[in-house]
Amino acid sequence: MIREPLIFEISGSGKRGFLLPKLDVPVIDDILKDIPSREEIDGFPEVSEVEVVRHFTRLSQTNFCIDLGFYPLGSCTMKYNPKINEKLASTKEFLSSHPEASEDLTQGSLKILKMTEELLKNITGMDAYTLQPSAGAQGELVGMLLIRACLEERGNPRKIVLIPDSAHGTNPSSAHACGYRVQEIKSNESGTVDVEDLKKNMTEDVAALMVTNPNTLGVFETEIKKITEIVHAKGGFVYMDGANMNALIGMCRPGDMGADVIHLNLHKTFSTPHGGGGPGSGPVGVKKELEPYLPFPIIETKNGIFHLNMERPKSIGRVRSFHGNFLVVLKAMVYILSLGPTGLKEISEVAVLNSNYIRKSLENDYHLKYKTLTLHECVFSDKIQKEYGVNNIDIAKRLIDYDVHPPTMSFPLIVQGALMIEPTETESKRDLDRFIEAMKKIAQEARNNPEVLKNAPHVSYVRRLDETSAARNPVLRWHKNRNDEIQGS
Amino acid sequence: MSYISLSEKDKKEMLAKIGISSVDELFCSIPDDLKVKQKLDVPEALTEPELTRQIEEIANQNSYHHFLSFLGAGAYSHVIPSVVDYLSSRGEFLSPYTPYQPEVSQGTLQIIFEFQTLICQLTGMDIANASLYDGASGAAEAALMAHRLKSRPKILVAKSVHPQYREVIRTYSRNLDLSVEEIAYSDRGEVDFKDLNKKLDEDTSAVLIQSPNFFGVIENIDNISALTHERQALSVVVVAEPVSFGILEAPGNLGADIVTGEGQSFGLHLSFGGPYLGFMACQKEFLRQFPGRIAGETKDVDGKRGFVLTLSTREQHIRRERATSNICTNQAWCALRATIFLELLGKKGLKELAWQNIQKTNYARDKITQIKGIKPRFRGACFNEFILEFENPWADIDTFLQEKGIIGGLSVEEAYPELANCVLVCVTESHKKEDIDRFIGHLEEACQ
């Protein structure tokens with residue numbers, strides 16, 4: 001395959017990729033007189049339209065993506081992204097709406113937001129939603145801010161947030177951003193929250209427990225009711241991370257388990273594309289008690305007309321400008337309406353079936369630290385292959401040679417050398433079987449020919465990349481003159 | 001609709017392999033009393049034609065697009081070349097995850113690397129990240145970053161910074177031993193230097209300003225940064241209208257330590273406020289406290305150039321509660337659109353775009369402020385927005401203009417009660433001279 005240069009390297013003085021209409025107002029010559037202006041931007045690209053189109057088309061062909069094949073990245077819910085989502089999100093009336101336009105001119109957009117809130121309430125059993133958070137992590141931040149605001153009003157914001165050792169890194173980071181100290185809760189031998197450890201740590205200094213259900217092993221917290229009761233008994237709140245909602249949709253609802261706050265990842269469970277790392281959307285659902293603290297504005301309906309209510313004296317405030325990632329919310333709404341109640345339940349049924357099929361098919365080839373029943377994902381490790389000097393990274397890189405995207409690596413932290421596999425519900429048996437076959441071949445190769453794994457991938461656009469030197473000697477931008485690069489900062 | 005790819009036969013074979021007879025058995029870890037007994041209370045499934053019809057009916061309840069509009073205030077109407085929509089709709093860009101496996105994500109990674117370079121060139125900074133959520137959360141992340149670097153308890157934020165950005169800064173900092181104090185604005189609509197001088201003390205971590213500011217006025221970054229540095233604080237510059245980079249001196253060349261802002265103007269539709277694009281850049285000595293994902297260049301085992309996500313020891317998945325930010329998913333696809341936009345316009349195109357914005361805006365401002373009953377509220381130089389002060393009640397004028405099919409601007413009275421009857425007007429290259437003249441004509445009528 002042709003090596004695609006950086007755009008800066010094919011730039012040629014005077015070339016244009018786009019023309020503006022001629023300026024049609026009289027020119028004010030000395031307009032820049034009192035303003036610090038710049039002549040031209042040194043090194044900025046100058047290329048033609050066709051060069052831009054080829055540049056990005058060629059680069060696109062070096063990406064693996066869900067439209068191309070199986071992408072079992074655990075905890076990321078890489079399901080197929082329906083094309084109708086994209087089409088309806090490019091409706092002109094939505095694309096061209098200004099966020100500061102008055103309510104009477106944007107009733108359609110407000111209706112989309114309100115309808116989505118209602119749908120999410122019913123799906124999750126929560127009482128109210130904000131759609132403002134831009135992604136899951138911002139949703140977590142909002143959730144923890146709500147809890148803190150409510151506790152402050154009760155007189156004591158408390159000091160500690162409890163988080164299981166299997167949690168995503170965003171959980172402790174979000175809790176910390178709200179001024180809380182993080183206390184880790186141990187997992188027991190089945191990989192779930194150790195209830196005794198929770199009891200011991202759940203004091204009146206604890207503001208909340210952040211729990212992911214099913215957890216990052218794909219295991220449902222069977223004692224979730226008991227867990228939430230323990231937290232509530234001491235006046236704490238339960239934050240439920242909805243990253244794994246794909247396992248539960250239509251089957252059970254966080255609101256019925258005792259969760260006080262949850263966030264959803266619309267770019268995971270609700271099929272809006274990931275876009276190579278966003279935009280996502282992280283709506284936060286709450287029980288009544290926390291509703292007064294939601295970010296403003298709140299959308300209200302009066303006589304069928306939608307209004308933005310800014311008068312929210314207890315609100316934690318805004319977490320971003322305007323109304324959140326509106327188009328992402330719209331895509332999620334389209335998805336929910338296209339599936340209906342039966343289709344939504346089918347998501348979790350098939351996602352869990354696919355995951356268990358993979359687990360069963362590979363259980364003799366890869367080590368499974370926790371034998372507990374899993375739902376939408378399963379976490380193997382490289383323990384067996386380690387005996388041959390092969391680790392989980394080698395396994396992942398070899399999968400690339402078999403045209404499959406690798407699973408999530410080295411997470412959760414409670415499984416050493418983890419390979420976290422989440423197939424999602426949209427995959428065919430043929431694709432699942434191809435993956436299983438590749439994994440079995442790799443297990444065989446690990447025994448017979450470990451070198452082929454350690455040198456993988458062999459057929460990709462680039463081969464294994466040196467991540468250590470990238471961090472040690474960071475080159476974070478192109479420079480006209482190579483000597484200008486940052487040296488080991 | 002259903003997006004399932006298993007046949008009944010497939011399902012049977014898979015259940016047999018697992019050794020169970022029904023899918024229900026896989027859910028036996030969920031206690032019965034938690035299971036949903038009825039169907040979810042959502043509407044029955046719709047087919048594509050039904051869904052299209054329903055969504056289009058809702059879309060038709062929007063009427064903003066019928067108007068000639070002069071709204072800006074952090075969301076700008078600019079040209080979007082067809083190449084941007086075309087290329088960004090490719091499945092290879094829409095449907096991959098964050099590039100955790102670099103060997104199969106070189107497209108995304110090289111584009112992030114190019115985006116970082118473009119942002120550095122525009123801002124005059126050494127390093128940039130892969131994106132943040134939007135300008136407002138970017139401003140908040142910059143304030144927290146400056147606080148980590150300086151460990152002083154106070155941040156000064158200019159009152160001329162976008163009101164929503166200031167709200168987000170307050171939300172992000174509310175539990176972090178960090179107080180936010182505001183700096184007044186002058187008659188010119190710029191940062192009030194006297195007030196800054198008074199408040200900028202040894203407790204101040206950073207001074208955060210916006211330029212062009214919320215009033216459209218270009219700030220004196222040079223002088224503000226110099227005073228800020230004199231007091232050993234950091235200079236943070238927020239840019240909500242990045243088209244201005246095409247013609248205004250880069251903040252990095254005027255003393256800024258951190259530059260952050262909103263990239264919506266670069267190829268993103270207005271979209272009722274999102275998804276937009278936060279960007280952030282800083283001087284290299286602050287790298288370790290920099291938030292967000294960063295792509296870096298490296299080599300593969302054959303010595304070929306390639307790109308990876310790097311310096312992740314700053315990030316939440318490694319450092320957990322000690323991370324520089326909790327951000328994970330960002331706005332990568334929006335950064336892709338901005339990259340296509342900027343590379344297409346290029347050196348000459350971006351400059352021309354900025355030139356047209358400043359020319360048209362000043363043409364409009366000069367003409368409008370000759371109308372009796374309308375005054376420019378501030379005298380400072382502006383880029384593509386300005387504040388008008390009306391003698392007669394704005395509500396009446398607004399109604400009159402709307403009857404003529406015009407949205408004349410945004411009343412700023414709610415955010416600035418002292419600016420009664422003041423309106424923020426935005427003019428971009430998307431307005432033809434005849435649009436501006438029609439606006440002027442109706443303003444004259446309205447003010448008679």
# chains A, B, ... in the order shown; residues from 1 in each chain; ligands from 1
$ residues_around --residues "region 100-114 of chain A" --least-positions-apart "6" --cutoff "9 Å" --atoms "only C-alpha atoms" --output "PyMOL selection string"
(chain A and resi 93-94+131+299-301+305-308+322-323+326+329-330+333) or (chain B and resi 55+57-65+71-73+75+272-273+407+410)
$ residues_around --residues "Pro275 (chain B)" --least-positions-apart "4" --cutoff "7 Å" --atoms "only C-alpha atoms" --output "count of residues only"
4
$ residues_around --residues "Ser131 (chain B)" --least-positions-apart "4" --cutoff "7 Å" --atoms "only C-alpha atoms" --output "PDB file with C-alpha atoms, in the first residue's frame"
ATOM      1  CA  LEU B 277     -15.111  20.783  19.084  1.00  0.00           C
ATOM      2  CA  GLY B 278     -12.995  21.842  22.038  1.00  0.00           C
ATOM      3  CA  PHE B 279      -9.326  22.399  21.273  1.00  0.00           C
ATOM      4  CA  MET B 280      -6.408  23.087  23.572  1.00  0.00           C
ATOM      5  CA  ASN B 330     -13.613  13.261  23.112  1.00  0.00           C
ATOM      6  CA  GLN B 331     -14.773  14.788  19.803  1.00  0.00           C
ATOM      7  CA  ALA B 332     -12.475  12.968  17.370  1.00  0.00           C
ATOM      8  CA  ALA B 335     -11.639  17.193  14.844  1.00  0.00           C
TER       9      ALA B 335
END
$ residues_around --residues "region 82-87 of chain A" --least-positions-apart "3" --cutoff "9 Å" --atoms "only C-alpha atoms" --output "number ranges by chain"
A: 90-91, 271-273, 330-335; B: 3, 48, 51-52, 89
$ write_last_selection --atoms "N, CA and C atoms" --output "mmCIF file, in the first residue's frame"
data_model
loop_
_atom_site.group_PDB
_atom_site.id
_atom_site.type_symbol
_atom_site.label_atom_id
_atom_site.label_comp_id
_atom_site.auth_asym_id
_atom_site.auth_seq_id
_atom_site.Cartn_x
_atom_site.Cartn_y
_atom_site.Cartn_z
ATOM 1 N N SER A 90 -28.814 14.323 9.489
ATOM 2 C CA SER A 90 -28.357 15.371 8.562
ATOM 3 C C SER A 90 -29.541 16.111 7.949
ATOM 4 N N THR A 91 -30.703 15.994 8.585
ATOM 5 C CA THR A 91 -31.860 16.777 8.156
ATOM 6 C C THR A 91 -31.522 18.259 8.297
ATOM 7 N N SER A 271 -25.968 2.970 19.792
ATOM 8 C CA SER A 271 -25.533 2.795 18.382
ATOM 9 C C SER A 271 -25.079 4.038 17.630
ATOM 10 N N THR A 272 -25.040 5.198 18.289
ATOM 11 C CA THR A 272 -24.513 6.348 17.559
ATOM 12 C C THR A 272 -23.035 6.044 17.355
ATOM 13 N N PRO A 273 -22.469 6.376 16.219
ATOM 14 C CA PRO A 273 -21.109 5.878 15.987
ATOM 15 C C PRO A 273 -20.086 6.473 16.952
ATOM 16 N N LEU A 330 -30.063 12.820 18.905
ATOM 17 C CA LEU A 330 -31.046 12.536 17.851
ATOM 18 C C LEU A 330 -30.838 11.133 17.269
ATOM 19 N N LYS A 331 -29.590 10.772 17.017
ATOM 20 C CA LYS A 331 -29.305 9.442 16.463
ATOM 21 C C LYS A 331 -29.759 8.343 17.424
ATOM 22 N N ALA A 332 -29.519 8.553 18.705
ATOM 23 C CA ALA A 332 -29.937 7.558 19.699
ATOM 24 C C ALA A 332 -31.454 7.428 19.722
ATOM 25 N N MET A 333 -32.144 8.554 19.592
ATOM 26 C CA MET A 333 -33.601 8.511 19.600
ATOM 27 C C MET A 333 -34.125 7.730 18.400
ATOM 28 N N VAL A 334 -33.525 7.984 17.242
ATOM 29 C CA VAL A 334 -33.915 7.265 16.024
ATOM 30 C C VAL A 334 -33.726 5.763 16.232
ATOM 31 N N TYR A 335 -32.635 5.414 16.854
ATOM 32 C CA TYR A 335 -32.328 3.994 17.107
ATOM 33 C C TYR A 335 -33.394 3.350 17.995
ATOM 34 N N TYR B 3 -31.459 -5.194 14.010
ATOM 35 C CA TYR B 3 -30.117 -5.233 13.421
ATOM 36 C C TYR B 3 -29.388 -6.508 13.839
ATOM 37 N N GLU B 48 -38.110 2.118 8.422
ATOM 38 C CA GLU B 48 -37.383 3.309 7.971
ATOM 39 C C GLU B 48 -38.295 4.383 7.362
ATOM 40 N N LEU B 51 -40.276 6.026 10.193
ATOM 41 C CA LEU B 51 -39.388 6.805 11.051
ATOM 42 C C LEU B 51 -38.988 8.113 10.368
ATOM 43 N N THR B 52 -38.653 8.014 9.090
ATOM 44 C CA THR B 52 -38.257 9.200 8.327
ATOM 45 C C THR B 52 -39.377 10.230 8.355
ATOM 46 N N SER B 89 -18.298 11.423 6.108
ATOM 47 C CA SER B 89 -19.369 10.430 6.231
ATOM 48 C C SER B 89 -18.892 9.021 5.896
#
$ select_by_dssp --residues "region 278-456 of chain A" --states "helix (DSSP H, G or I)" --output "ChimeraX atom specification"
/A:288-293,326-362,383-386,392-401,429-448,450-454
$ write_last_selection --atoms "C-alpha atoms" --output "PDB file, in the first residue's frame"
ATOM      1  CA  LYS A 288     -36.556  12.552  42.232  1.00  0.00           C
ATOM      2  CA  GLU A 289     -34.417  13.571  45.159  1.00  0.00           C
ATOM      3  CA  LEU A 290     -31.567  14.680  42.916  1.00  0.00           C
ATOM      4  CA  GLU A 291     -33.652  16.329  40.211  1.00  0.00           C
ATOM      5  CA  PRO A 292     -33.428  19.893  41.608  1.00  0.00           C
ATOM      6  CA  TYR A 293     -29.651  19.809  41.171  1.00  0.00           C
ATOM      7  CA  PHE A 326     -27.661  17.343  20.058  1.00  0.00           C
ATOM      8  CA  LEU A 327     -27.102  15.315  16.885  1.00  0.00           C
ATOM      9  CA  VAL A 328     -25.800  12.360  18.883  1.00  0.00           C
ATOM     10  CA  VAL A 329     -28.946  12.448  21.019  1.00  0.00           C
ATOM     11  CA  LEU A 330     -31.046  12.536  17.851  1.00  0.00           C
ATOM     12  CA  LYS A 331     -29.305   9.442  16.463  1.00  0.00           C
ATOM     13  CA  ALA A 332     -29.937   7.558  19.699  1.00  0.00           C
ATOM     14  CA  MET A 333     -33.601   8.511  19.600  1.00  0.00           C
ATOM     15  CA  VAL A 334     -33.915   7.265  16.024  1.00  0.00           C
ATOM     16  CA  TYR A 335     -32.328   3.994  17.107  1.00  0.00           C
ATOM     17  CA  ILE A 336     -34.729   3.491  20.018  1.00  0.00           C
ATOM     18  CA  LEU A 337     -37.763   4.259  17.853  1.00  0.00           C
ATOM     19  CA  SER A 338     -36.582   1.933  15.124  1.00  0.00           C
ATOM     20  CA  LEU A 339     -36.298  -1.006  17.536  1.00  0.00           C
ATOM     21  CA  GLY A 340     -39.314  -0.574  19.798  1.00  0.00           C
ATOM     22  CA  PRO A 341     -39.753  -2.577  23.021  1.00  0.00           C
ATOM     23  CA  THR A 342     -39.203  -5.993  21.448  1.00  0.00           C
ATOM     24  CA  GLY A 343     -36.163  -4.940  19.452  1.00  0.00           C
ATOM     25  CA  LEU A 344     -34.625  -3.305  22.512  1.00  0.00           C
ATOM     26  CA  LYS A 345     -34.965  -6.465  24.564  1.00  0.00           C
ATOM     27  CA  GLU A 346     -33.496  -8.471  21.704  1.00  0.00           C
ATOM     28  CA  ILE A 347     -30.300  -6.380  22.076  1.00  0.00           C
ATOM     29  CA  SER A 348     -29.464  -7.764  25.488  1.00  0.00           C
ATOM     30  CA  GLU A 349     -30.666 -11.283  24.671  1.00  0.00           C
ATOM     31  CA  VAL A 350     -28.464 -11.644  21.608  1.00  0.00           C
ATOM     32  CA  ALA A 351     -25.512  -9.675  23.009  1.00  0.00           C
ATOM     33  CA  VAL A 352     -25.435 -12.078  25.957  1.00  0.00           C
ATOM     34  CA  LEU A 353     -25.943 -15.130  23.744  1.00  0.00           C
ATOM     35  CA  ASN A 354     -23.076 -14.099  21.449  1.00  0.00           C
ATOM     36  CA  SER A 355     -20.761 -13.446  24.361  1.00  0.00           C
ATOM     37  CA  ASN A 356     -21.494 -16.767  26.018  1.00  0.00           C
ATOM     38  CA  TYR A 357     -21.051 -18.601  22.732  1.00  0.00           C
ATOM     39  CA  ILE A 358     -17.546 -17.150  22.441  1.00  0.00           C
ATOM     40  CA  ARG A 359     -16.780 -17.876  26.051  1.00  0.00           C
ATOM     41  CA  LYS A 360     -17.871 -21.493  25.774  1.00  0.00           C
ATOM     42  CA  SER A 361     -16.002 -21.966  22.507  1.00  0.00           C
ATOM     43  CA  LEU A 362     -12.712 -20.650  23.877  1.00  0.00           C
ATOM     44  CA  LYS A 383      -1.991 -17.147  31.604  1.00  0.00           C
ATOM     45  CA  ILE A 384      -1.780 -20.322  29.487  1.00  0.00           C
ATOM     46  CA  GLN A 385       0.103 -18.607  26.653  1.00  0.00           C
ATOM     47  CA  LYS A 386       2.530 -16.930  29.081  1.00  0.00           C
ATOM     48  CA  ASN A 392      -1.935 -10.701  25.627  1.00  0.00           C
ATOM     49  CA  ILE A 393      -0.464  -8.001  23.414  1.00  0.00           C
ATOM     50  CA  ASP A 394       1.074 -10.611  21.114  1.00  0.00           C
ATOM     51  CA  ILE A 395      -2.302 -12.334  20.887  1.00  0.00           C
ATOM     52  CA  ALA A 396      -4.032  -9.052  20.102  1.00  0.00           C
ATOM     53  CA  LYS A 397      -1.532  -8.077  17.409  1.00  0.00           C
ATOM     54  CA  ARG A 398      -1.782 -11.507  15.774  1.00  0.00           C
ATOM     55  CA  LEU A 399      -5.572 -11.138  15.529  1.00  0.00           C
ATOM     56  CA  ILE A 400      -4.959  -8.210  13.192  1.00  0.00           C
ATOM     57  CA  ASP A 401      -3.402 -10.653  10.724  1.00  0.00           C
ATOM     58  CA  LYS A 429     -22.567 -16.517  13.648  1.00  0.00           C
ATOM     59  CA  ARG A 430     -20.186 -16.646  10.720  1.00  0.00           C
ATOM     60  CA  ASP A 431     -18.210 -13.686  12.086  1.00  0.00           C
ATOM     61  CA  LEU A 432     -18.249 -15.114  15.608  1.00  0.00           C
ATOM     62  CA  ASP A 433     -16.971 -18.447  14.273  1.00  0.00           C
ATOM     63  CA  ARG A 434     -14.211 -16.748  12.298  1.00  0.00           C
ATOM     64  CA  PHE A 435     -13.091 -14.970  15.449  1.00  0.00           C
ATOM     65  CA  ILE A 436     -13.212 -18.177  17.488  1.00  0.00           C
ATOM     66  CA  GLU A 437     -11.256 -20.005  14.828  1.00  0.00           C
ATOM     67  CA  ALA A 438      -8.613 -17.258  14.752  1.00  0.00           C
ATOM     68  CA  MET A 439      -8.296 -17.318  18.535  1.00  0.00           C
ATOM     69  CA  LYS A 440      -7.889 -21.118  18.484  1.00  0.00           C
ATOM     70  CA  LYS A 441      -5.237 -20.907  15.772  1.00  0.00           C
ATOM     71  CA  ILE A 442      -3.403 -18.304  17.815  1.00  0.00           C
ATOM     72  CA  ALA A 443      -3.511 -20.528  20.888  1.00  0.00           C
ATOM     73  CA  GLN A 444      -1.958 -23.236  18.753  1.00  0.00           C
ATOM     74  CA  GLU A 445       0.658 -20.884  17.346  1.00  0.00           C
ATOM     75  CA  ALA A 446       1.568 -19.828  20.854  1.00  0.00           C
ATOM     76  CA  ARG A 447       2.526 -23.423  21.585  1.00  0.00           C
ATOM     77  CA  ASN A 448       4.167 -24.283  18.281  1.00  0.00           C
ATOM     78  CA  PRO A 450       5.482 -18.278  19.435  1.00  0.00           C
ATOM     79  CA  GLU A 451       7.776 -16.095  17.315  1.00  0.00           C
ATOM     80  CA  VAL A 452       5.023 -15.560  14.767  1.00  0.00           C
ATOM     81  CA  LEU A 453       2.947 -13.939  17.527  1.00  0.00           C
ATOM     82  CA  LYS A 454       5.746 -11.855  18.989  1.00  0.00           C
TER      83      LYS A 454
END
$ closest_residue --among "B:Arg438, B:Phe245, B:Lys11, B:Val23" --to "Gly405 (chain B)" --atoms "only C-alpha atoms"
B:Arg438
$ closest_residue --among "A:Val53, A:Leu73, A:Ile316, A:Leu59" --to "Leu109 (chain B)" --atoms "only C-alpha atoms"
A:Leu59
$ select_by_dssp --residues "region 27-134 of chain B" --states "strand (DSSP E)" --output "CSV table (one decimal) with N, CA and C atoms, in the first residue's frame"
chain,number,residue,atom,x,y,z
B,68,LEU,N,-33.2,35.2,7.9
B,68,LEU,CA,-31.8,35.8,7.7
B,68,LEU,C,-31.3,36.1,9.1
B,69,SER,N,-30.3,35.4,9.5
B,69,SER,CA,-29.9,35.5,11.0
B,69,SER,C,-28.6,36.2,11.2
B,127,ILE,N,2.4,22.4,21.7
B,127,ILE,CA,1.7,21.2,21.7
B,127,ILE,C,0.2,21.4,21.7
B,128,ALA,N,-0.5,20.5,21.1
B,128,ALA,CA,-2.0,20.5,21.2
B,128,ALA,C,-2.5,19.1,21.4
$ residues_around --residues "Ala226 (chain B)" --least-positions-apart "2" --cutoff "12 Å" --atoms "only C-alpha atoms" --output "list in words"
Phe193, Leu196, Asn197, Leu200, Val207, Asn220, Ile221, Asp222, Asn223, Ile224, Thr228, His229, Glu230, Arg231, Gln232, Ala233, Leu234, Ser235, Asn253, Leu254, Gly255, Ala256 and Asp257 of chain B
$ write_last_selection --atoms "C-alpha atoms" --output "PDB file, in the first residue's frame"
ATOM      1  CA  PHE B 193      -6.719  46.928  33.037  1.00  0.00           C
ATOM      2  CA  LEU B 196      -6.981  43.401  36.520  1.00  0.00           C
ATOM      3  CA  ASN B 197      -4.022  45.154  38.095  1.00  0.00           C
ATOM      4  CA  LEU B 200      -3.941  40.051  40.085  1.00  0.00           C
ATOM      5  CA  VAL B 207      -5.788  35.096  34.168  1.00  0.00           C
ATOM      6  CA  ASN B 220      -4.862  43.274  24.122  1.00  0.00           C
ATOM      7  CA  ILE B 221      -3.367  39.847  24.836  1.00  0.00           C
ATOM      8  CA  ASP B 222       0.144  41.271  24.803  1.00  0.00           C
ATOM      9  CA  ASN B 223      -0.343  43.697  27.678  1.00  0.00           C
ATOM     10  CA  ILE B 224      -2.524  41.356  29.722  1.00  0.00           C
ATOM     11  CA  THR B 228       0.130  38.339  34.289  1.00  0.00           C
ATOM     12  CA  HIS B 229       3.691  37.088  33.940  1.00  0.00           C
ATOM     13  CA  GLU B 230       4.998  39.945  36.067  1.00  0.00           C
ATOM     14  CA  ARG B 231       2.920  38.466  38.908  1.00  0.00           C
ATOM     15  CA  GLN B 232       4.085  34.920  38.099  1.00  0.00           C
ATOM     16  CA  ALA B 233       0.644  33.786  36.986  1.00  0.00           C
ATOM     17  CA  LEU B 234      -0.301  32.016  33.752  1.00  0.00           C
ATOM     18  CA  SER B 235      -1.984  33.649  30.794  1.00  0.00           C
ATOM     19  CA  ASN B 253       3.241  35.096  20.022  1.00  0.00           C
ATOM     20  CA  LEU B 254       1.581  37.542  22.416  1.00  0.00           C
ATOM     21  CA  GLY B 255       2.484  35.798  25.642  1.00  0.00           C
ATOM     22  CA  ALA B 256      -0.265  33.208  26.138  1.00  0.00           C
ATOM     23  CA  ASP B 257       0.742  30.080  28.060  1.00  0.00           C
TER      24      ASP B 257
END
$ residues_around --residues "Ser411 (chain B)" --least-positions-apart "3" --cutoff "10 Å" --atoms "only C-alpha atoms" --output "count of residues only"
18
$ atom_distance --atom1 "CA of Lys200 (chain A)" --atom2 "CA of Ile185 (chain A)"
9.8 Å
$ residues_around --residues "Phe64 (chain A)" --least-positions-apart "6" --cutoff "8 Å" --atoms "only C-alpha atoms" --output "list in words"
His405 of chain A; Glu92, Pro96, Val104 and Ser105 of chain B
$ atom_distance --atom1 "CA of Thr372 (chain A)" --atom2 "CA of Ile163 (chain A)"
20.6 Å
$ closest_residue --among "A:Met245, A:Met251, A:Val50, A:Ile147" --to "chain B" --atoms "only C-alpha atoms"
A:Met251
$ closest_residue --among "A:Ile10, A:Leu23, A:Leu151, A:Ile2" --to "chain B" --atoms "only C-alpha atoms"
A:Leu23
$ closest_residue --among "A:Asp365, A:Glu196, A:Glu189, A:Asp67" --to "chain B" --atoms "only C-alpha atoms"
A:Asp67
$ closest_residue --among "A:Phe296, A:Tyr388, A:Phe237, A:Tyr129" --to "chain B" --atoms "only C-alpha atoms"
A:Phe296
$ atom_distance --atom1 "CA of Glu418 (chain B)" --atom2 "CA of Gln210 (chain B)"
19.8 Å
$ decode --residues "region 159-170 of chain B" --atoms "N, CA and C atoms" --output "compact mmCIF listing (two decimals), in the first residue's frame"
# COMPACT_ATOMS: atom_id res chain seq x y z
N LYS B 159 -14.86 39.15 32.69
CA LYS B 159 -16.32 39.15 32.55
C LYS B 159 -16.73 39.16 31.09
N SER B 160 -15.79 39.50 30.22
CA SER B 160 -16.06 39.51 28.79
C SER B 160 -15.88 38.13 28.15
N VAL B 161 -15.64 37.12 28.98
CA VAL B 161 -15.62 35.74 28.49
C VAL B 161 -17.07 35.27 28.35
N HIS B 162 -17.34 34.46 27.34
CA HIS B 162 -18.69 33.92 27.08
C HIS B 162 -19.36 33.50 28.40
N PRO B 163 -20.58 34.01 28.66
CA PRO B 163 -21.24 33.71 29.95
C PRO B 163 -21.37 32.21 30.22
N GLN B 164 -21.64 31.43 29.19
CA GLN B 164 -21.77 29.98 29.42
C GLN B 164 -20.42 29.35 29.75
N TYR B 165 -19.36 29.86 29.17
CA TYR B 165 -18.03 29.35 29.49
C TYR B 165 -17.71 29.63 30.97
N ARG B 166 -18.10 30.84 31.41
CA ARG B 166 -17.86 31.18 32.83
C ARG B 166 -18.67 30.28 33.75
N GLU B 167 -19.89 29.96 33.32
CA GLU B 167 -20.70 29.06 34.14
C GLU B 167 -20.04 27.68 34.25
N VAL B 168 -19.50 27.20 33.16
CA VAL B 168 -18.87 25.87 33.18
C VAL B 168 -17.60 25.90 34.03
N ILE B 169 -16.84 26.98 33.94
CA ILE B 169 -15.65 27.10 34.81
C ILE B 169 -16.07 27.01 36.27
N ARG B 170 -17.16 27.70 36.61
CA ARG B 170 -17.65 27.65 38.00
C ARG B 170 -18.06 26.24 38.39
